[in-house]
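Student: Right, I'll just put the structure down here and ask away after.
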Amino acid sequence: MEPAPEVSDEARVKQVRRIFSTITDRYDFLNHFLSAGRDVYWRRFLVRRLRFFQTYRLLDLATGTGDVALESARCHPAIMVTGLDFAAPMLQAARPKIIRAGLADRIRLLQGDALNLPFPDGHFDAVTVAFGIRNMPDRARVFAEVQRVLVPGGGFSILEFTTPQGDLFRRVYFFYLHRWLPRLAKIFTGNPEAYQYLAESIMRFPYPSDFVREIGASGFQEAGKFALTGGITYLYEGKKD
Ligand SMILES: C[S@@+](CC[C@H](N)C(=O)[O-])C[C@H]1O[C@@H](n2cnc3c(N)ncnc32)[C@H](O)[C@@H]1O
């Protein structure tokens, strides 16, 4: 695969928006298939660790087809959930799932940008973002917005793919990402661009220890990480002071 050409943040944001507006139909199926069902476990791991203590509100950024929002509402019966995403087709796919689950009165979907959150200060006990932070070039801005909308003591939880650090696993994983993922995506979606983008964005993302430092440097306390499935995915957590 060719190395990714350098593009501006603005162009990248447009590309992300276009990609996620076109792969919606098969997004859930492909997630489960390409991760061998592990994506369900990863989200569940994140959701079980969430804590609610003041506003009982959760904001799920980059909610996509709503899986974290749904799992959170199921697991924490006392909370209200807002799922925010800038791709309308993803939200359209989330809506029937929420209605089918009988959770429409507790999960609200909102089209919006994670860089400009339409909420007052201190509105949420917890903010989550699963497989979305990688797509946001201006992470410092996202972190600042999350700090603003969290209550003091509130938690920020991030699930993200990363490249494993063990030599053999790393090689196998690179081979899968670069050779197989685009082929499988072509067969199933006819849109290999989306999954080429996925592979490139995983490679560009910081190593877990660097990312934890980044979270800490942006003002979150007790920033920590958990390696899931051999380090393909990490859960990162930070707490607002
Ligand atoms: C890989 S999907 C993840 C969806 C979901 N969280 C999940 O776990 O399946 C990434 C989502 O991030 C959304 N996204 C990317 N950048 C965004 C931004 N700046 N503001 C809001 N949503 C964004 C995309 O539209 C897409 O739905």
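Ordering of the structure tokens sets the chain letters (A, B, ...); residue numbers start at 1 within each chain; ligands are numbered from 1 in the order shown.
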Tell me, as a list in words, which residues lie within 6 Å of range 45-58 of chain A, counting only C-alpha atoms; anything in the same chain fewer than 4 positions away does not count.
Tutor: Ser72, Ile79, Met80, Val81, Phe124, Asp125, Ala126 and Val127 of chain A
Student: Let's have the selection written as a JSON list (two decimals), in the first residue's frame, with N, CA and C atoms.
Tutor:
```
[["chain", "number", "residue", "atom", "x", "y", "z"],
["A", 72, "SER", "N", -24.71, 1.29, 27.10],
["A", 72, "SER", "CA", -24.67, 2.08, 28.34],
["A", 72, "SER", "C", -26.06, 2.20, 28.95],
["A", 79, "ILE", "N", -29.48, 6.18, 33.89],
["A", 79, "ILE", "CA", -28.89, 7.31, 33.15],
["A", 79, "ILE", "C", -29.67, 7.71, 31.90],
["A", 80, "MET", "N", -29.42, 8.94, 31.47],
["A", 80, "MET", "CA", -29.88, 9.43, 30.17],
["A", 80, "MET", "C", -28.65, 9.55, 29.28],
["A", 81, "VAL", "N", -28.79, 9.18, 28.02],
["A", 81, "VAL", "CA", -27.64, 9.14, 27.12],
["A", 81, "VAL", "C", -27.88, 10.08, 25.94],
["A", 124, "PHE", "N", -22.32, 16.59, 32.06],
["A", 124, "PHE", "CA", -22.30, 15.12, 32.01],
["A", 124, "PHE", "C", -21.39, 14.54, 33.09],
["A", 125, "ASP", "N", -21.78, 13.36, 33.61],
["A", 125, "ASP", "CA", -20.90, 12.61, 34.52],
["A", 125, "ASP", "C", -19.81, 11.88, 33.75],
["A", 126, "ALA", "N", -20.11, 11.52, 32.50],
["A", 126, "ALA", "CA", -19.14, 10.73, 31.74],
["A", 126, "ALA", "C", -19.27, 11.05, 30.25],
["A", 127, "VAL", "N", -18.13, 11.00, 29.58],
["A", 127, "VAL", "CA", -18.09, 11.16, 28.12],
["A", 127, "VAL", "C", -17.31, 9.98, 27.55]]
```
Student: Within 6 Å of ligand 1, which residues show up when you count only C-alpha atoms and all ligand atoms? List them as a PDB file with N, CA and C atoms, in the first residue's frame, please.
Tutor:
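Printed below is part_18.pdb as written:
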```
ATOM      1  N   ARG A  17     -16.024  12.353   7.074  1.00  0.00           N
ATOM      2  CA  ARG A  17     -17.469  12.544   7.029  1.00  0.00           C
ATOM      3  C   ARG A  17     -18.071  11.814   5.825  1.00  0.00           C
ATOM      4  N   PHE A  20     -17.882   7.925   6.381  1.00  0.00           N
ATOM      5  CA  PHE A  20     -18.872   7.378   7.308  1.00  0.00           C
ATOM      6  C   PHE A  20     -20.305   7.612   6.839  1.00  0.00           C
ATOM      7  N   ALA A  62     -19.098  10.664  18.670  1.00  0.00           N
ATOM      8  CA  ALA A  62     -18.880   9.799  17.498  1.00  0.00           C
ATOM      9  C   ALA A  62     -19.675   8.511  17.677  1.00  0.00           C
ATOM     10  N   THR A  63     -20.927   8.671  18.035  1.00  0.00           N
ATOM     11  CA  THR A  63     -21.753   7.517  18.434  1.00  0.00           C
ATOM     12  C   THR A  63     -22.011   6.553  17.277  1.00  0.00           C
ATOM     13  N   GLY A  64     -21.909   7.044  16.049  1.00  0.00           N
ATOM     14  CA  GLY A  64     -22.078   6.177  14.877  1.00  0.00           C
ATOM     15  C   GLY A  64     -23.436   5.505  14.887  1.00  0.00           C
ATOM     16  N   ASP A  67     -23.864   1.891  19.226  1.00  0.00           N
ATOM     17  CA  ASP A  67     -23.666   0.697  20.063  1.00  0.00           C
ATOM     18  C   ASP A  67     -23.238   1.018  21.500  1.00  0.00           C
ATOM     19  N   ASP A  85     -23.000  12.618  16.645  1.00  0.00           N
ATOM     20  CA  ASP A  85     -22.166  12.245  15.494  1.00  0.00           C
ATOM     21  C   ASP A  85     -22.400  13.278  14.395  1.00  0.00           C
ATOM     22  N   PHE A  86     -21.368  13.498  13.550  1.00  0.00           N
ATOM     23  CA  PHE A  86     -21.607  14.486  12.479  1.00  0.00           C
ATOM     24  C   PHE A  86     -22.098  13.863  11.176  1.00  0.00           C
ATOM     25  N   ALA A  87     -22.187  12.539  11.109  1.00  0.00           N
ATOM     26  CA  ALA A  87     -22.667  11.888   9.876  1.00  0.00           C
ATOM     27  C   ALA A  87     -24.133  11.475  10.047  1.00  0.00           C
ATOM     28  N   MET A  90     -25.235   7.765   9.695  1.00  0.00           N
ATOM     29  CA  MET A  90     -24.931   6.878  10.828  1.00  0.00           C
ATOM     30  C   MET A  90     -26.043   7.003  11.882  1.00  0.00           C
ATOM     31  N   GLY A 112     -23.882  16.588  15.283  1.00  0.00           N
ATOM     32  CA  GLY A 112     -23.017  17.683  15.713  1.00  0.00           C
ATOM     33  C   GLY A 112     -21.564  17.287  15.632  1.00  0.00           C
ATOM     34  N   ASP A 113     -20.707  18.281  15.883  1.00  0.00           N
ATOM     35  CA  ASP A 113     -19.266  18.087  15.757  1.00  0.00           C
ATOM     36  C   ASP A 113     -18.635  18.006  17.151  1.00  0.00           C
ATOM     37  N   ALA A 114     -17.810  16.996  17.360  1.00  0.00           N
ATOM     38  CA  ALA A 114     -17.159  16.813  18.665  1.00  0.00           C
ATOM     39  C   ALA A 114     -16.262  17.991  19.035  1.00  0.00           C
ATOM     40  N   LEU A 115     -15.909  18.804  18.058  1.00  0.00           N
ATOM     41  CA  LEU A 115     -15.025  19.940  18.330  1.00  0.00           C
ATOM     42  C   LEU A 115     -15.769  21.164  18.861  1.00  0.00           C
ATOM     43  N   VAL A 129     -15.912   7.914  23.839  1.00  0.00           N
ATOM     44  CA  VAL A 129     -15.736   7.940  22.380  1.00  0.00           C
ATOM     45  C   VAL A 129     -15.078   6.617  21.971  1.00  0.00           C
ATOM     46  N   ALA A 130     -15.795   5.850  21.153  1.00  0.00           N
ATOM     47  CA  ALA A 130     -15.290   4.532  20.750  1.00  0.00           C
ATOM     48  C   ALA A 130     -14.940   4.563  19.268  1.00  0.00           C
ATOM     49  N   PHE A 131     -13.696   4.346  18.981  1.00  0.00           N
ATOM     50  CA  PHE A 131     -13.196   4.277  17.603  1.00  0.00           C
ATOM     51  C   PHE A 131     -13.514   5.548  16.810  1.00  0.00           C
ATOM     52  N   GLY A 132     -13.459   6.667  17.497  1.00  0.00           N
ATOM     53  CA  GLY A 132     -13.779   7.940  16.850  1.00  0.00           C
ATOM     54  C   GLY A 132     -12.644   8.952  16.986  1.00  0.00           C
ATOM     55  N   ASN A 135     -10.206   9.738  14.254  1.00  0.00           N
ATOM     56  CA  ASN A 135     -10.672  10.504  13.089  1.00  0.00           C
ATOM     57  C   ASN A 135     -10.688  11.998  13.341  1.00  0.00           C
ATOM     58  N   MET A 136     -10.288  12.413  14.534  1.00  0.00           N
ATOM     59  CA  MET A 136     -10.408  13.834  14.868  1.00  0.00           C
ATOM     60  C   MET A 136      -9.010  14.428  14.932  1.00  0.00           C
TER      61      MET A 136
END
```
Student: May I have the residues within 6 Å of Lys240 in chain A as a PyMOL selection string, using only C-alpha atoms and disregarding those fewer than 2 positions away in the same chain?
Tutor: chain A and resi 152-154+220
Student: For Leu84 in chain A, which of A:Thr22, A:Gln147, A:Thr128, A:Asn191 is the closest residue, counting only C-alpha atoms?
Tutor: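 Answer, going by the shortest atom-to-atom distance: A:Thr128.
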Student: DSSP on the backbone: which residues in range 39-236 of chain A end up as helix (DSSP H, G or I)? Give the answer as an MDAnalysis selection string.
Tutor: chainID A and resid 39:48 67:75 88:100 133:135 139:149 167:189 192:204 208:217 229:231
Student: Write out as a PyMOL selection string the set of residues from range 15-210 of chain A that DSSP, computed on the backbone, places in strand (DSSP E).
Tutor: chain A and resi 57-61+80-85+107-111+124-130+150-161
Student: Between A:Glu222, A:Asp60, A:Asp167, A:Glu193, which is the closest to Leu110 in chain A once you count only C-alpha atoms?
Tutor: A:Asp60
Student: Would you please work out which residue, of A:Val68, A:Gly238, A:Asp121, A:Ser218, is nearest to Ala140 in chain A when using only C-alpha atoms?
Tutor: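 So, comparing all the options, the nearest one is A:Ser218.
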Student: In terms of the shortest atom-to-atom distance over only C-alpha atoms, which of A:Asp105, A:Tyr27, A:His123, A:Glu71 is closest to Ala93 in chain A?
Tutor: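 Comparing A:Asp105, A:Tyr27, A:His123, A:Glu71 against Ala93 in chain A, the winner is A:Tyr27.
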Student: My list of candidates is A:Phe226, A:Tyr234, A:Phe161, A:Phe29. Which is closest to Leu198 in chain A when distances are computed with only C-alpha atoms?
Tutor: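 Nearest candidate to Leu198 in chain A out of A:Phe226, A:Tyr234, A:Phe161, A:Phe29: A:Phe161.
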Student: Ranking A:Ile232, A:Ala217, A:Pro137, A:Tyr173 by minimum distance to Ser8 in chain A and counting only C-alpha atoms, which one comes first?
Tutor: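 Checking each of A:Ile232, A:Ala217, A:Pro137, A:Tyr173 against Ser8 in chain A, counting only C-alpha atoms, the winner is A:Pro137.
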Student: Excluding Gly219 in chain A and any residue of its chain fewer than 3 positions from it, enumerate the residues within 12 Å of it, using only C-alpha atoms, and give them as a list in words.
Tutor: Ala140, Phe143, Ala144, Glu145, Val146, Gln147, Arg148, Pro152, Phe156, Val212, Arg213, Glu214, Ile215, Gly216, Glu222, Ala223, Gly238, Lys239, Lys240 and Asp241 of chain A
